[in-house]
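A short write-up of the structure that comes next.
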Amino acid sequence: MSAAVLRDARQVRFAALPPLCLYVHFPWCVRKCPYCDFNSHERAGPLPEREYLAALLRDLEALLPSVWGRRIHAIFLGGGTPSLFSAAAIDELLSAIRSRLHVEPDAEVTLEANPGTAESARFRGYRDAGVNRLSLGVQSFDDGALRALGRIHSAHEARRAIGMAMAAFGNVNIDLMYGLPGQTFAMLRADAREGVRHGVPHLSAYQLTIEPNTAFFSRPPALPGHDATADMQLEVENVLREAGFEHYETSAFALPGRRCRHNLNYWEFGDYLGIGAGAHGKISFADRVTRQEQVRQPREYLAAGARSERIIAARELPFEFALNALRLIDGFDAGLYAARTGLPALTIEAALRAAEAKRLLERRGGRIAPTGLGRRFLNDLVALFLPAQES
Ligand SMILES: C[S@@+](CC[C@H](N)C(=O)[O-])C[C@H]1O[C@@H](n2cnc3c(N)ncnc32)[C@H](O)[C@@H]1O
Ligand code: SF4
């Protein structure tokens, strides 16, 4: 193929822009967990609730000209611990968002809550404000494991929080973690089974990872070995499959029809506005895809905020797309790549063929999906989509 054709193939051109969602970051927690590298800061004294709301709206207004006329399909209030904010503050925020953006009437609106900050009146207040999905950071139902993770709540409090969340919302996710310090296969199985017994329609199961710049990185705890952790992952998958859950993304499981629309939008390489300290966004225009990032420090964010923005080079888009879409267990529709990157399908053809030759990926019935091997060696699979080194 001639260089001229290749250059043209790398031109981003959207006929229709991708779906758009909104992420709002709340950067405070009661206490910093020793494994967590999220942009979350231990709260010192009362939260500057009013000031933060004002800063979020200033942040949102600066983004509005980039998304005129577009609709919002889902909102995710994440953290940190958004449930430290009062129901009145969440109500004010959601009203302000609705008055500035066209939010679909049936949009999914998720709020993340820590079981240590759960109160039933507060949950009902969130529901009345328009939140229709609650995500609870349970992690484990074992008090010893929760202590080892430095969590602020007991297993009993986690159970109470799930009960209150189910009563107020019904639409509930719980986060579990496995491969924990001191965790045995039997403990993990008990956690997965109990998760299912609570009747939640969505469950996320994350393998504990030791991240740089965390307390666990400086003083690593003793963890179950590689094989034991791999067995735990298989067991989570078995327990959830038997309970009727669909495993739809590396760490996400849902009853039929209950997948998280907001997170699916990330994995399908949709667009999202990100507001709040350290929030990231991705916005497509007719001829380019851009990424935004806000300052991480809450103090700086409150003072003025500063968003940096860059265009994702067309040559990086295949990798960025693969990094997300190949996390999906059923992969993606063959037409999705062109629809979400604005590039012709031929720009990933060589990478797809290389992945097929290594049996990491298969094309079936108009879909492109990782094989079992591809899921196990996801990093190797995704690396095939990296831009070739230009000499
Ligand atoms: C923002 S937190 C959820 C809400 C709230 N902050 C909480 O912890 O209860 C998102 C989830 O990411 C998972 N997570 C955080 N750090 C992790 C790590 N190092 N390894 C695995 N999972 C992690 C936890 O399951 C956690 O519930
Ligand atoms: S409560 Fe959640 S966000 Fe906060 S430090 Fe712990 S895991 Fe991180």
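Chain lettering (A, B, ...) mirrors the order of the structure tokens, residue numbering begins at 1 for each chain separately, and ligand numbering begins at 1 in order of display.
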Do you know which residues are within 6 Å of ligand 2 using only C-alpha atoms and all ligand atoms? Can you write them as a PyMOL selection string? chain A and resi 29+32-33+36+38+40+79-81
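Taking only C-alpha atoms and all ligand atoms into account, the protein and nucleic acid residues that come at most 6 Å from ligand 1 are Tyr35, Cys36, Gly79, Gly80, Thr81, Glu112, Ala113, Asn114, Leu136, Gly137, Gln139, Asp175, Leu176, Met177, Tyr206, Gln207, Leu208, Thr209, Ile210 and Glu211 of chain A.
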Extract the full set of helix (DSSP H, G or I) residues from stretch 144-391 of chain A according to DSSP on the backbone, and format it as JSON, numbers by chain. {"A": [144, 145, 146, 147, 148, 155, 156, 157, 158, 159, 160, 161, 162, 163, 164, 165, 166, 167, 168, 185, 186, 187, 188, 189, 190, 191, 192, 193, 194, 195, 196, 197, 215, 216, 217, 218, 226, 227, 228, 229, 230, 231, 232, 233, 234, 235, 236, 237, 238, 239, 240, 241, 242, 261, 262, 263, 264, 265, 266, 267, 298, 299, 300, 301, 302, 303, 314, 315, 316, 317, 318, 319, 320, 321, 322, 323, 324, 325, 336, 337, 338, 339, 340, 341, 345, 346, 347, 348, 349, 350, 351, 352, 353, 354, 355, 356, 357, 372, 373, 374, 375, 376, 378, 379, 380, 381, 382, 383]}
Distance table requested - stretch 218-322 of chain A against stretch 346-355 of chain A, cut-off 12 Å, only C-alpha atoms: one row per qualifying residue with the closest atom pair and its distance in Å to one decimal, ordered by chain and rising residue number, as a Markdown table.
```
| residue | atom | partner | partner_atom | distance |
| --- | --- | --- | --- | --- |
| A:Ala314 | CA | A:Thr347 | CA | 9.8 |
| A:Arg315 | CA | A:Thr347 | CA | 8.8 |
| A:Glu316 | CA | A:Thr347 | CA | 10.8 |
| A:Leu317 | CA | A:Thr347 | CA | 9.6 |
| A:Pro318 | CA | A:Ile348 | CA | 6.4 |
| A:Phe319 | CA | A:Ile348 | CA | 9.2 |
| A:Glu320 | CA | A:Ile348 | CA | 11.7 |
| A:Phe321 | CA | A:Ile348 | CA | 10.1 |
| A:Ala322 | CA | A:Ile348 | CA | 9.5 |
```
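Nearest-residue note for A:Phe253: choosing from A:Ile275, A:Val382, A:Met232, A:Val200, the minimum distance belongs to A:Val200, counting only C-alpha atoms.
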Within 9 Å of A:Gln297 using only C-alpha atoms, minus same-chain residues under 5 positions, as an NGL selection string: :A and (27 or 39 or 41 or 277-278 or 302)
With C-alpha atoms retained, export the selected residues as an mmCIF file, in the first residue's frame.
```cif
data_model
loop_
_atom_site.group_PDB
_atom_site.id
_atom_site.type_symbol
_atom_site.label_atom_id
_atom_site.label_comp_id
_atom_site.auth_asym_id
_atom_site.auth_seq_id
_atom_site.Cartn_x
_atom_site.Cartn_y
_atom_site.Cartn_z
ATOM 1 C CA PRO A 27 -11.479 12.937 46.295
ATOM 2 C CA ASN A 39 -6.920 10.030 43.885
ATOM 3 C CA HIS A 41 -7.208 11.850 50.418
ATOM 4 C CA ALA A 277 -10.087 16.702 41.264
ATOM 5 C CA GLY A 278 -7.920 14.454 39.080
ATOM 6 C CA LEU A 302 -10.771 24.148 44.819
#
```
I'd like to know which of A:Glu268, A:Glu249, A:Asp91, A:Asp380 is closest to A:Leu20, using only C-alpha atoms. A:Glu268
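If you measure from each of A:Leu360, A:Leu57, A:Ile368, A:Ala228 to A:Leu336 using only C-alpha atoms, the closest one turns out to be A:Ile368.
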Give me the residues within 9 Å of stretch 188-194 of chain A as a list in words, counting only C-alpha atoms and dropping any in the same chain fewer than 4 places off. Gln139, Ser140, Phe141, Asp142, Leu176, Met177, Tyr178, Gly179, Leu180, Gln183, Thr184, His198, Ala205, Met232, Glu235, Val236, Val239, Leu240 and Ala243 of chain A
May I have the selected residues written with N, CA and C atoms, as a PDB file, in the first residue's frame?
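File out.pdb, as written:
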```
ATOM      1  N   GLN A 139     -15.515  -5.482  49.642  1.00  0.00           N
ATOM      2  CA  GLN A 139     -14.182  -6.130  49.600  1.00  0.00           C
ATOM      3  C   GLN A 139     -14.194  -7.561  50.130  1.00  0.00           C
ATOM      4  N   SER A 140     -14.772  -7.799  51.330  1.00  0.00           N
ATOM      5  CA  SER A 140     -14.809  -9.161  51.884  1.00  0.00           C
ATOM      6  C   SER A 140     -15.857  -9.205  52.984  1.00  0.00           C
ATOM      7  N   PHE A 141     -16.323 -10.420  53.297  1.00  0.00           N
ATOM      8  CA  PHE A 141     -17.230 -10.569  54.444  1.00  0.00           C
ATOM      9  C   PHE A 141     -16.481 -11.180  55.631  1.00  0.00           C
ATOM     10  N   ASP A 142     -15.171 -11.128  55.599  1.00  0.00           N
ATOM     11  CA  ASP A 142     -14.346 -11.708  56.655  1.00  0.00           C
ATOM     12  C   ASP A 142     -13.677 -10.572  57.444  1.00  0.00           C
ATOM     13  N   LEU A 176     -15.876  -6.835  45.434  1.00  0.00           N
ATOM     14  CA  LEU A 176     -15.133  -7.777  46.274  1.00  0.00           C
ATOM     15  C   LEU A 176     -13.694  -7.779  45.790  1.00  0.00           C
ATOM     16  N   MET A 177     -12.769  -8.130  46.688  1.00  0.00           N
ATOM     17  CA  MET A 177     -11.377  -8.313  46.266  1.00  0.00           C
ATOM     18  C   MET A 177     -10.939  -9.720  46.664  1.00  0.00           C
ATOM     19  N   TYR A 178     -10.013 -10.294  45.895  1.00  0.00           N
ATOM     20  CA  TYR A 178      -9.471 -11.614  46.243  1.00  0.00           C
ATOM     21  C   TYR A 178      -7.949 -11.601  46.097  1.00  0.00           C
ATOM     22  N   GLY A 179      -7.334 -12.693  46.627  1.00  0.00           N
ATOM     23  CA  GLY A 179      -5.868 -12.706  46.676  1.00  0.00           C
ATOM     24  C   GLY A 179      -5.404 -11.815  47.823  1.00  0.00           C
ATOM     25  N   LEU A 180      -6.184 -11.837  48.935  1.00  0.00           N
ATOM     26  CA  LEU A 180      -5.936 -10.918  50.055  1.00  0.00           C
ATOM     27  C   LEU A 180      -4.946 -11.518  51.057  1.00  0.00           C
ATOM     28  N   GLN A 183      -5.813 -14.775  53.029  1.00  0.00           N
ATOM     29  CA  GLN A 183      -7.045 -15.368  52.477  1.00  0.00           C
ATOM     30  C   GLN A 183      -6.773 -16.780  51.955  1.00  0.00           C
ATOM     31  N   THR A 184      -7.669 -17.708  52.320  1.00  0.00           N
ATOM     32  CA  THR A 184      -7.579 -19.068  51.788  1.00  0.00           C
ATOM     33  C   THR A 184      -8.643 -19.235  50.706  1.00  0.00           C
ATOM     34  N   HIS A 198     -26.917 -12.201  48.738  1.00  0.00           N
ATOM     35  CA  HIS A 198     -27.560 -10.914  49.047  1.00  0.00           C
ATOM     36  C   HIS A 198     -28.493 -10.434  47.941  1.00  0.00           C
ATOM     37  N   ALA A 205     -15.299  -8.223  40.964  1.00  0.00           N
ATOM     38  CA  ALA A 205     -14.314  -8.965  41.761  1.00  0.00           C
ATOM     39  C   ALA A 205     -12.923  -8.617  41.248  1.00  0.00           C
ATOM     40  N   MET A 232      -8.454 -18.889  42.798  1.00  0.00           N
ATOM     41  CA  MET A 232      -9.517 -18.050  43.395  1.00  0.00           C
ATOM     42  C   MET A 232     -10.332 -17.360  42.293  1.00  0.00           C
ATOM     43  N   GLU A 235     -12.646 -19.733  40.795  1.00  0.00           N
ATOM     44  CA  GLU A 235     -13.749 -20.064  41.700  1.00  0.00           C
ATOM     45  C   GLU A 235     -14.795 -18.945  41.729  1.00  0.00           C
ATOM     46  N   VAL A 236     -14.350 -17.682  41.728  1.00  0.00           N
ATOM     47  CA  VAL A 236     -15.310 -16.559  41.667  1.00  0.00           C
ATOM     48  C   VAL A 236     -16.160 -16.723  40.403  1.00  0.00           C
ATOM     49  N   VAL A 239     -18.690 -19.692  40.860  1.00  0.00           N
ATOM     50  CA  VAL A 239     -19.801 -19.403  41.782  1.00  0.00           C
ATOM     51  C   VAL A 239     -20.790 -18.451  41.107  1.00  0.00           C
ATOM     52  N   LEU A 240     -20.277 -17.450  40.430  1.00  0.00           N
ATOM     53  CA  LEU A 240     -21.172 -16.456  39.825  1.00  0.00           C
ATOM     54  C   LEU A 240     -21.895 -17.024  38.609  1.00  0.00           C
ATOM     55  N   ALA A 243     -24.748 -18.991  39.677  1.00  0.00           N
ATOM     56  CA  ALA A 243     -25.838 -18.155  40.210  1.00  0.00           C
ATOM     57  C   ALA A 243     -26.518 -17.348  39.101  1.00  0.00           C
TER      58      ALA A 243
END
```
Neighbours of A:Gln11 within 9 Å (only C-alpha atoms; same-chain residues fewer than 5 positions away dropped), as a PyMOL selection string? chain A and resi 287-288+314+342-344
The selected residues should be written to file as a PDB file, in the first residue's frame (atoms: N, CA and C atoms).
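So out-v7.pdb came out as:
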```pdb
ATOM      1  N   ASP A 287     -13.065  15.547  13.697  1.00  0.00           N
ATOM      2  CA  ASP A 287     -11.792  15.166  13.081  1.00  0.00           C
ATOM      3  C   ASP A 287     -10.694  14.809  14.086  1.00  0.00           C
ATOM      4  N   ARG A 288     -11.060  14.632  15.382  1.00  0.00           N
ATOM      5  CA  ARG A 288     -10.014  14.293  16.351  1.00  0.00           C
ATOM      6  C   ARG A 288     -10.628  13.741  17.640  1.00  0.00           C
ATOM      7  N   ALA A 314      -3.704   9.788  15.882  1.00  0.00           N
ATOM      8  CA  ALA A 314      -4.448   8.718  15.198  1.00  0.00           C
ATOM      9  C   ALA A 314      -3.703   7.385  15.308  1.00  0.00           C
ATOM     10  N   GLY A 342     -13.120   6.644  14.576  1.00  0.00           N
ATOM     11  CA  GLY A 342     -13.175   7.485  13.387  1.00  0.00           C
ATOM     12  C   GLY A 342     -12.159   7.064  12.338  1.00  0.00           C
ATOM     13  N   LEU A 343     -11.546   5.885  12.511  1.00  0.00           N
ATOM     14  CA  LEU A 343     -10.530   5.388  11.569  1.00  0.00           C
ATOM     15  C   LEU A 343     -11.092   4.198  10.790  1.00  0.00           C
ATOM     16  N   PRO A 344     -10.599   3.957   9.554  1.00  0.00           N
ATOM     17  CA  PRO A 344     -11.075   2.787   8.805  1.00  0.00           C
ATOM     18  C   PRO A 344     -10.628   1.485   9.462  1.00  0.00           C
TER      19      PRO A 344
END
```
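Closest to A:Phe185 among A:Thr110, A:Asp231, A:Arg151, A:Pro220 is A:Asp231, based on only C-alpha atoms.
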Using DSSP assignments from the backbone, pull out every residue in stretch 262-297 of chain A that falls under strand (DSSP E) and give it to me as a list in words. Asp271, Tyr272, Leu273, Gly274, Ile275, His280, Gly281, Lys282, Ile283, Ser284, Phe285, Arg288, Val289, Thr290, Arg291, Gln292 and Glu293 of chain A
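Counting from atom CA of A:Ala145, the distance to atom CA of A:Ile174 is 16.2 Å.
We find atom CA of A:Leu134 and atom CA of A:Val172 to be spaced 4.9 Å apart.
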Residue contacts of A:Tyr248 (12 Å, only C-alpha atoms) excluding same-chain residues fewer than 6 positions away, as a ChimeraX atom specification: /A:202-205,237,240-241,254-261,263-264,267,325-332,369-370,375
Grab the residues selected above and save them as a short mmCIF file (atom, residue, chain, number, x, y, z; two decimals), in the first residue's frame with N, CA and C atoms.
```cif
data_model
loop_
_atom_site.label_atom_id
_atom_site.label_comp_id
_atom_site.auth_asym_id
_atom_site.auth_seq_id
_atom_site.Cartn_x
_atom_site.Cartn_y
_atom_site.Cartn_z
N HIS A 202 -25.38 -7.08 40.38
CA HIS A 202 -24.06 -6.81 39.78
C HIS A 202 -22.98 -7.00 40.83
N LEU A 203 -21.88 -7.60 40.42
CA LEU A 203 -20.77 -7.83 41.34
C LEU A 203 -19.45 -7.61 40.60
N SER A 204 -18.52 -6.91 41.24
CA SER A 204 -17.19 -6.73 40.65
C SER A 204 -16.19 -7.44 41.55
N ALA A 205 -15.30 -8.22 40.96
CA ALA A 205 -14.31 -8.96 41.76
C ALA A 205 -12.92 -8.62 41.25
N GLU A 237 -15.49 -17.02 39.28
CA GLU A 237 -16.22 -17.17 38.01
C GLU A 237 -17.23 -18.31 38.09
N LEU A 240 -20.28 -17.45 40.43
CA LEU A 240 -21.17 -16.46 39.83
C LEU A 240 -21.89 -17.02 38.61
N ARG A 241 -21.20 -17.84 37.83
CA ARG A 241 -21.88 -18.45 36.67
C ARG A 241 -23.04 -19.32 37.14
N ALA A 254 -22.68 -9.61 35.86
CA ALA A 254 -24.02 -9.03 36.02
C ALA A 254 -25.08 -10.05 35.68
N LEU A 255 -26.24 -9.92 36.32
CA LEU A 255 -27.39 -10.70 35.89
C LEU A 255 -27.80 -10.17 34.52
N PRO A 256 -28.53 -10.98 33.71
CA PRO A 256 -28.89 -10.52 32.36
C PRO A 256 -29.58 -9.16 32.40
N GLY A 257 -29.14 -8.26 31.52
CA GLY A 257 -29.75 -6.93 31.43
C GLY A 257 -29.28 -5.95 32.49
N ARG A 258 -28.32 -6.36 33.36
CA ARG A 258 -27.94 -5.48 34.46
C ARG A 258 -26.48 -5.01 34.39
N ARG A 259 -25.90 -5.03 33.19
CA ARG A 259 -24.51 -4.56 33.05
C ARG A 259 -24.43 -3.07 33.37
N CYS A 260 -23.27 -2.64 33.84
CA CYS A 260 -23.12 -1.22 34.19
C CYS A 260 -22.94 -0.42 32.90
N ARG A 261 -23.91 0.43 32.61
CA ARG A 261 -23.88 1.15 31.32
C ARG A 261 -22.72 2.15 31.29
N ASN A 263 -19.73 1.98 32.85
CA ASN A 263 -18.44 1.34 32.62
C ASN A 263 -18.37 0.71 31.23
N LEU A 264 -19.50 0.19 30.75
CA LEU A 264 -19.53 -0.36 29.38
C LEU A 264 -19.13 0.72 28.37
N TRP A 267 -15.45 0.81 28.23
CA TRP A 267 -14.87 -0.36 27.55
C TRP A 267 -15.19 -0.36 26.06
N ALA A 325 -11.54 -2.28 24.78
CA ALA A 325 -12.53 -3.21 24.22
C ALA A 325 -12.15 -4.67 24.41
N LEU A 326 -10.85 -4.97 24.52
CA LEU A 326 -10.47 -6.38 24.67
C LEU A 326 -10.59 -6.86 26.11
N ARG A 327 -10.99 -5.96 27.01
CA ARG A 327 -11.35 -6.41 28.37
C ARG A 327 -12.73 -7.07 28.37
N LEU A 328 -13.51 -6.81 27.32
CA LEU A 328 -14.87 -7.37 27.26
C LEU A 328 -14.79 -8.85 26.87
N ILE A 329 -15.42 -9.69 27.67
CA ILE A 329 -15.31 -11.14 27.47
C ILE A 329 -15.84 -11.52 26.08
N ASP A 330 -16.95 -10.90 25.66
CA ASP A 330 -17.50 -11.21 24.33
C ASP A 330 -16.91 -10.31 23.25
N GLY A 331 -15.89 -9.54 23.58
CA GLY A 331 -15.26 -8.69 22.60
C GLY A 331 -16.19 -7.60 22.09
N PHE A 332 -16.01 -7.24 20.82
CA PHE A 332 -16.77 -6.11 20.28
C PHE A 332 -17.25 -6.42 18.88
N ALA A 369 -13.26 -11.14 19.44
CA ALA A 369 -13.18 -11.37 20.89
C ALA A 369 -11.87 -12.04 21.27
N PRO A 370 -11.41 -11.76 22.52
CA PRO A 370 -10.22 -12.48 22.99
C PRO A 370 -10.56 -13.95 23.19
N ARG A 375 -7.39 -13.81 27.05
CA ARG A 375 -7.80 -13.21 28.33
C ARG A 375 -6.71 -13.40 29.38
#
```
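Shortest separation to A:Phe269 among A:Ala55, A:Leu323, A:Ala286, A:Val30 occurs at residue A:Leu323, atoms counted being only C-alpha atoms.
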Quick one: residues within 6 Å of A:Arg367, only C-alpha atoms counted, chain neighbours fewer than 3 positions away excluded, as a PDB file with N, CA and C atoms, in the first residue's frame?
```
ATOM      1  N   PHE A 332     -16.011  -7.237  20.824  1.00  0.00           N
ATOM      2  CA  PHE A 332     -16.770  -6.112  20.281  1.00  0.00           C
ATOM      3  C   PHE A 332     -17.253  -6.418  18.878  1.00  0.00           C
ATOM      4  N   ASP A 333     -18.296  -5.699  18.490  1.00  0.00           N
ATOM      5  CA  ASP A 333     -18.859  -5.836  17.152  1.00  0.00           C
ATOM      6  C   ASP A 333     -17.827  -5.324  16.126  1.00  0.00           C
ATOM      7  N   ALA A 334     -17.748  -5.997  14.986  1.00  0.00           N
ATOM      8  CA  ALA A 334     -16.708  -5.643  14.000  1.00  0.00           C
ATOM      9  C   ALA A 334     -16.790  -4.168  13.574  1.00  0.00           C
ATOM     10  N   ARG A 363     -12.371 -14.186  15.422  1.00  0.00           N
ATOM     11  CA  ARG A 363     -13.498 -13.457  14.828  1.00  0.00           C
ATOM     12  C   ARG A 363     -14.601 -14.482  14.611  1.00  0.00           C
ATOM     13  N   ARG A 364     -15.762 -14.158  15.183  1.00  0.00           N
ATOM     14  CA  ARG A 364     -16.873 -15.111  15.071  1.00  0.00           C
ATOM     15  C   ARG A 364     -18.180 -14.356  14.981  1.00  0.00           C
TER      16      ARG A 364
END
```
If I take atom CA of A:Gly372 and atom CA of A:Ala345, how far is one from the other in Å, to one decimal? 24.0 Å
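If you measure from each of A:Ala155, A:Leu93, A:Met187, A:Ala230 to A:Gly130 using only C-alpha atoms, the closest one turns out to be A:Leu93.
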